[in-house]
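Shown next: start.txt, given as compact mmCIF, C-alpha atoms.
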# COMPACT_ATOMS: atom_id res chain seq x y z
CA MET A 1 26.37 -23.25 -13.35
CA GLY A 2 28.61 -26.26 -13.03
CA SER A 3 27.73 -29.30 -11.00
CA SER A 4 31.25 -29.78 -9.62
CA ASP A 5 33.75 -27.52 -7.93
CA GLU A 6 36.14 -27.94 -10.87
CA GLU A 7 33.43 -26.69 -13.22
CA ASN A 8 32.66 -23.80 -10.88
CA GLU A 9 36.31 -22.74 -10.99
CA ARG A 10 36.06 -22.47 -14.79
CA LEU A 11 33.46 -19.71 -14.42
CA ALA A 12 36.20 -17.31 -13.32
CA ARG A 13 38.13 -17.73 -16.57
CA PRO A 14 37.43 -15.75 -19.77
CA GLU A 15 38.09 -18.78 -22.00
CA PHE A 16 34.99 -20.50 -20.62
CA TRP A 17 32.78 -17.52 -21.46
CA ASP A 18 34.40 -16.88 -24.85
CA GLN A 19 33.43 -20.41 -25.85
CA ARG A 20 29.91 -20.01 -24.47
CA TYR A 21 29.23 -16.66 -26.12
CA ALA A 22 30.64 -17.84 -29.45
CA GLN A 23 27.52 -20.02 -29.69
CA ALA A 24 25.18 -17.02 -29.70
CA GLU A 25 22.35 -17.03 -32.25
CA GLY A 26 20.43 -13.89 -33.09
CA ASP A 27 19.36 -11.63 -30.23
CA ARG A 28 18.59 -14.38 -27.73
CA PRO A 29 20.90 -14.27 -24.68
CA THR A 30 23.28 -17.23 -24.58
CA HIS A 31 23.50 -17.19 -20.81
CA GLU A 32 21.11 -14.92 -18.88
CA TRP A 33 22.58 -15.29 -15.41
CA PHE A 34 19.75 -15.81 -12.86
CA ARG A 35 17.19 -13.16 -13.80
CA THR A 36 16.04 -11.12 -16.79
CA PHE A 37 15.34 -7.40 -16.68
CA SER A 38 11.63 -8.15 -16.40
CA ASP A 39 12.26 -10.36 -13.35
CA LEU A 40 14.29 -7.60 -11.70
CA GLU A 41 12.13 -4.62 -12.62
CA SER A 42 10.56 -4.33 -9.16
CA PHE A 43 14.06 -4.40 -7.59
CA PHE A 44 15.17 -1.61 -9.92
CA ASP A 45 11.99 0.27 -9.16
CA ARG A 46 12.89 0.38 -5.46
CA ARG A 47 16.64 0.79 -5.79
CA LEU A 48 17.09 2.86 -8.96
CA PHE A 49 13.97 4.31 -10.59
CA ASN A 50 12.76 5.94 -7.37
CA THR A 51 16.17 7.34 -6.44
CA GLN A 52 17.95 8.17 -9.72
CA SER A 53 15.66 9.24 -12.54
CA PRO A 54 16.84 9.14 -16.17
CA ASP A 55 16.73 12.96 -16.15
CA ALA A 56 19.61 12.93 -13.64
CA ASN A 57 21.67 10.97 -16.21
CA PRO A 58 23.38 8.71 -13.66
CA ARG A 59 26.52 6.88 -14.77
CA ILE A 60 25.64 3.17 -14.61
CA LEU A 61 28.32 0.48 -14.69
CA HIS A 62 27.40 -3.14 -15.46
CA LEU A 63 30.08 -5.41 -14.01
CA GLY A 64 30.53 -8.60 -16.02
CA SER A 65 27.54 -7.72 -18.18
CA GLY A 66 27.75 -10.69 -20.58
CA ASP A 67 24.83 -10.70 -22.99
CA SER A 68 22.23 -9.86 -20.35
CA ASP A 69 19.16 -7.87 -21.36
CA VAL A 70 19.38 -5.59 -18.31
CA PRO A 71 21.31 -2.74 -20.02
CA VAL A 72 18.79 -2.65 -22.87
CA GLY A 73 15.91 -2.77 -20.40
CA LEU A 74 17.32 0.24 -18.58
CA TRP A 75 17.97 2.01 -21.89
CA LYS A 76 14.31 1.64 -22.78
CA LYS A 77 13.48 3.26 -19.44
CA GLY A 78 15.55 6.28 -20.48
CA TYR A 79 18.94 5.54 -18.91
CA ARG A 80 21.42 6.60 -21.61
CA ASN A 81 24.72 6.77 -19.70
CA GLN A 82 25.67 3.11 -19.33
CA LEU A 83 29.01 1.30 -19.49
CA CYS A 84 29.05 -2.49 -19.73
CA VAL A 85 32.34 -4.27 -19.02
CA ASP A 86 33.22 -7.94 -19.43
CA PHE A 87 36.45 -9.93 -19.67
CA SER A 88 35.14 -11.91 -22.66
CA THR A 89 36.17 -10.14 -25.86
CA VAL A 90 33.71 -12.36 -27.72
CA VAL A 91 30.67 -11.04 -25.87
CA VAL A 92 31.91 -7.42 -25.94
CA ASP A 93 32.16 -7.59 -29.73
CA LEU A 94 28.82 -9.42 -29.96
CA MET A 95 26.90 -6.90 -27.87
CA SER A 96 28.60 -3.88 -29.48
CA GLN A 97 27.43 -5.10 -32.88
CA ARG A 98 24.00 -6.28 -31.72
CA HIS A 99 23.10 -2.92 -30.18
CA SER A 100 25.20 -0.55 -32.25
CA GLY A 101 22.19 1.73 -32.75
CA MET A 102 21.62 2.30 -29.04
CA GLU A 103 23.40 5.54 -28.23
CA GLY A 104 24.09 5.73 -24.52
CA ILE A 105 25.31 2.16 -23.96
CA GLU A 106 28.99 1.27 -24.39
CA TRP A 107 30.43 -2.24 -24.19
CA LYS A 108 34.09 -2.46 -23.22
CA HIS A 109 36.58 -5.24 -22.56
CA ALA A 110 37.79 -5.10 -18.95
CA ASP A 111 38.54 -7.28 -15.94
CA VAL A 112 36.40 -6.14 -13.01
CA ARG A 113 39.31 -6.81 -10.65
CA HIS A 114 41.40 -4.22 -12.50
CA LEU A 115 39.41 -1.16 -13.57
CA GLU A 116 42.32 1.26 -13.83
CA ASP A 117 40.70 3.06 -16.78
CA LEU A 118 37.82 4.20 -14.56
CA PRO A 119 38.50 7.22 -12.35
CA GLU A 120 37.96 7.15 -8.62
CA LYS A 121 34.42 8.10 -7.54
CA SER A 122 33.08 8.25 -11.11
CA ILE A 123 30.13 5.80 -10.97
CA ASP A 124 26.64 6.50 -9.62
CA ILE A 125 25.23 2.96 -9.93
CA ALA A 126 27.29 -0.24 -10.13
CA PHE A 127 25.37 -3.42 -10.96
CA ASP A 128 26.41 -7.06 -10.62
CA LYS A 129 24.21 -10.02 -11.46
CA GLY A 130 26.30 -13.15 -10.91
CA THR A 131 29.79 -11.82 -11.55
CA LEU A 132 30.90 -12.08 -7.94
CA ASP A 133 29.25 -15.50 -7.79
CA ALA A 134 31.33 -16.71 -10.73
CA MET A 135 34.47 -16.10 -8.66
CA ILE A 136 33.28 -18.31 -5.82
CA HIS A 137 33.95 -22.02 -5.45
CA GLY A 138 34.86 -24.40 -2.66
CA SER A 139 33.51 -24.32 0.87
CA PRO A 140 31.24 -21.34 1.60
CA TRP A 141 32.25 -21.57 5.28
CA SER A 142 35.98 -21.36 4.48
CA PRO A 143 36.57 -20.01 0.94
CA PRO A 144 39.87 -20.91 -0.73
CA ASP A 145 42.59 -18.27 -0.86
CA ASP A 146 42.07 -17.58 -4.57
CA VAL A 147 38.38 -16.87 -3.95
CA LYS A 148 39.20 -14.39 -1.18
CA GLU A 149 41.88 -12.75 -3.31
CA ASN A 150 39.76 -12.42 -6.47
CA THR A 151 36.62 -11.24 -4.71
CA SER A 152 38.44 -8.72 -2.52
CA GLN A 153 40.28 -7.25 -5.52
CA TYR A 154 36.94 -6.88 -7.27
CA ILE A 155 35.00 -5.38 -4.37
CA ARG A 156 37.76 -2.90 -3.57
CA GLU A 157 37.67 -1.72 -7.19
CA VAL A 158 33.91 -1.22 -7.00
CA TYR A 159 34.37 0.74 -3.77
CA ARG A 160 37.07 2.90 -5.37
CA ILE A 161 35.11 3.89 -8.47
CA LEU A 162 31.76 4.40 -6.73
CA LYS A 163 30.80 7.95 -5.83
CA ASP A 164 30.36 8.73 -2.14
CA ASP A 165 26.59 8.84 -2.66
CA GLY A 166 26.58 6.00 -5.20
CA VAL A 167 24.97 2.57 -4.88
CA PHE A 168 26.29 -0.90 -5.63
CA LEU A 169 23.40 -3.21 -6.58
CA TYR A 170 24.17 -6.93 -6.48
CA VAL A 171 21.94 -9.93 -7.26
CA THR A 172 22.88 -13.42 -6.12
CA TYR A 173 21.46 -16.88 -5.55
CA ARG A 174 23.81 -17.40 -2.59
CA GLN A 175 22.87 -17.01 1.05
CA PRO A 176 23.57 -13.56 2.51
CA HIS A 177 25.48 -14.90 5.53
CA PHE A 178 28.06 -16.41 3.16
CA ILE A 179 28.26 -13.33 0.93
CA ARG A 180 28.55 -10.58 3.53
CA PRO A 181 32.12 -11.48 4.63
CA LEU A 182 33.26 -11.28 1.00
CA LEU A 183 31.59 -7.91 0.50
CA ASN A 184 33.04 -6.57 3.75
CA CYS A 185 36.64 -7.10 2.69
CA ASP A 186 39.57 -4.98 3.88
CA GLY A 187 39.62 -1.53 2.30
CA THR A 188 35.85 -1.10 2.25
CA ASP A 189 33.28 0.29 4.67
CA TRP A 190 29.76 -0.50 3.50
CA GLU A 191 26.22 -0.03 4.68
CA ILE A 192 24.48 -3.17 3.38
CA GLU A 193 20.76 -3.75 2.84
CA THR A 194 19.44 -7.12 1.69
CA GLU A 195 16.09 -8.25 0.33
CA VAL A 196 14.61 -11.47 -1.00
CA LEU A 197 13.73 -11.24 -4.69
CA GLY A 198 10.79 -12.97 -6.32
CA ASP A 199 7.08 -13.39 -5.91
CA GLY A 200 7.25 -15.96 -3.14
CA THR A 201 6.08 -18.84 -5.35
CA SER A 202 9.51 -20.45 -5.70
CA SER A 203 11.42 -22.28 -2.98
CA PHE A 204 14.69 -21.12 -4.59
CA ALA A 205 15.33 -17.60 -3.33
CA TYR A 206 17.47 -14.94 -4.93
CA HIS A 207 18.74 -12.00 -2.93
CA GLY A 208 19.28 -8.39 -3.85
CA PHE A 209 21.90 -6.31 -2.08
CA ALA A 210 22.17 -2.53 -1.99
CA LEU A 211 25.55 -1.31 -0.77
CA THR A 212 26.42 2.29 0.00
CA LYS A 213 29.54 3.84 1.47
CA LYS A 214 29.33 4.74 5.13
CA SER A 215 29.53 8.50 5.58

Written as structure tokens, how would this file's structure read?
Amino acid sequence: MGSSDEENERLARPEFWDQRYAQAEGDRPTHEWFRTFSDLESFFDRRLFNTQSPDANPRILHLGSGDSDVPVGLWKKGYRNQLCVDFSTVVVDLMSQRHSGMEGIEWKHADVRHLEDLPEKSIDIAFDKGTLDAMIHGSPWSPPDDVKENTSQYIREVYRILKDDGVFLYVTYRQPHFIRPLLNCDGTDWEIETEVLGDGTSSFAYHGFALTKKS
């Protein structure tokens, strides 16, 4: 994460990530955003494993997946119906080649703000670990217009493609009271649950969100 607002703005551009992912060496993630699969396993246990077993073959969408190890971690748990999208062609090619033998995970180039290729109400589980955060810069109390535009386009797309009984899982380092207004953008109607992630030993808290459509 950048130390200045100008650097934070760069996170929303594919050129920044293309350059970062081009430095990949071997199987080690170039940029594991926030938390590894192991760190998040208890969150998945509560929000996925206990509600959607691999036998149900839920369609899982990773939004801005990068070179995270989460899809592979879920694959090892038996989830073999995963789609990973990212706007960096470099990382899509990298991950497609790196895990070409893993049937049941597909990496695809796409902008999460424009998911026209995905049908309405086609996703059981949508997962975001830092993608929304990468669109945010400026004052958290009064986000700039481009932040509100980008985040609302994105969240409305997630709402559109999520099944009526689907779940949007989101992990962030930002405070919930700043994030909730962005999640509750026009065109959506969410039930939102929030929890603190971690073992309590760190003063730097991450938060997990579980969003479902109101019935």

Which residue of A:Asp186, A:Asp164, A:Glu103, A:Asp124 approaches Leu48 in chain A most closely, using all atoms listed in the file: A:Asp124

Which residue, A:Leu118, A:Val70, A:His137, A:Thr89, has the smallest gap to Ile105 in chain A when you use all atoms listed in the file?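 Smallest separation from Ile105 in chain A among the options: A:Val70.
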
Please, what distance in Å, to one decimal, runs between CA of Ala56 in chain A and CA of Phe209 in chain A? 22.6 Å

Near Gly187 in chain A, within 10 Å and counting only C-alpha atoms, which residues show up once chain neighbours fewer than 5 positions away are dropped, as a PDB file with C-alpha atoms, in the frame of the given file?
ATOM      1  CA  SER A 152      38.440  -8.720  -2.520  1.00  0.00           C
ATOM      2  CA  GLN A 153      40.280  -7.250  -5.520  1.00  0.00           C
ATOM      3  CA  ILE A 155      35.000  -5.380  -4.370  1.00  0.00           C
ATOM      4  CA  ARG A 156      37.760  -2.900  -3.570  1.00  0.00           C
ATOM      5  CA  GLU A 157      37.670  -1.720  -7.190  1.00  0.00           C
ATOM      6  CA  TYR A 159      34.370   0.740  -3.770  1.00  0.00           C
ATOM      7  CA  ARG A 160      37.070   2.900  -5.370  1.00  0.00           C
TER       8      ARG A 160
END

Spatial neighbours of Asn57 in chain A, max dist 9 Å, only C-alpha atoms, sep filter under 2 positions, as number ranges by chain: A: 52-55, 59-60, 78-81

Tell me, in Å to one decimal, how far CA of Gly66 in chain A is from CA of Glu191 in chain A.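 Going from CA of Gly66 in chain A over to CA of Glu191 in chain A, I get 27.5 Å.
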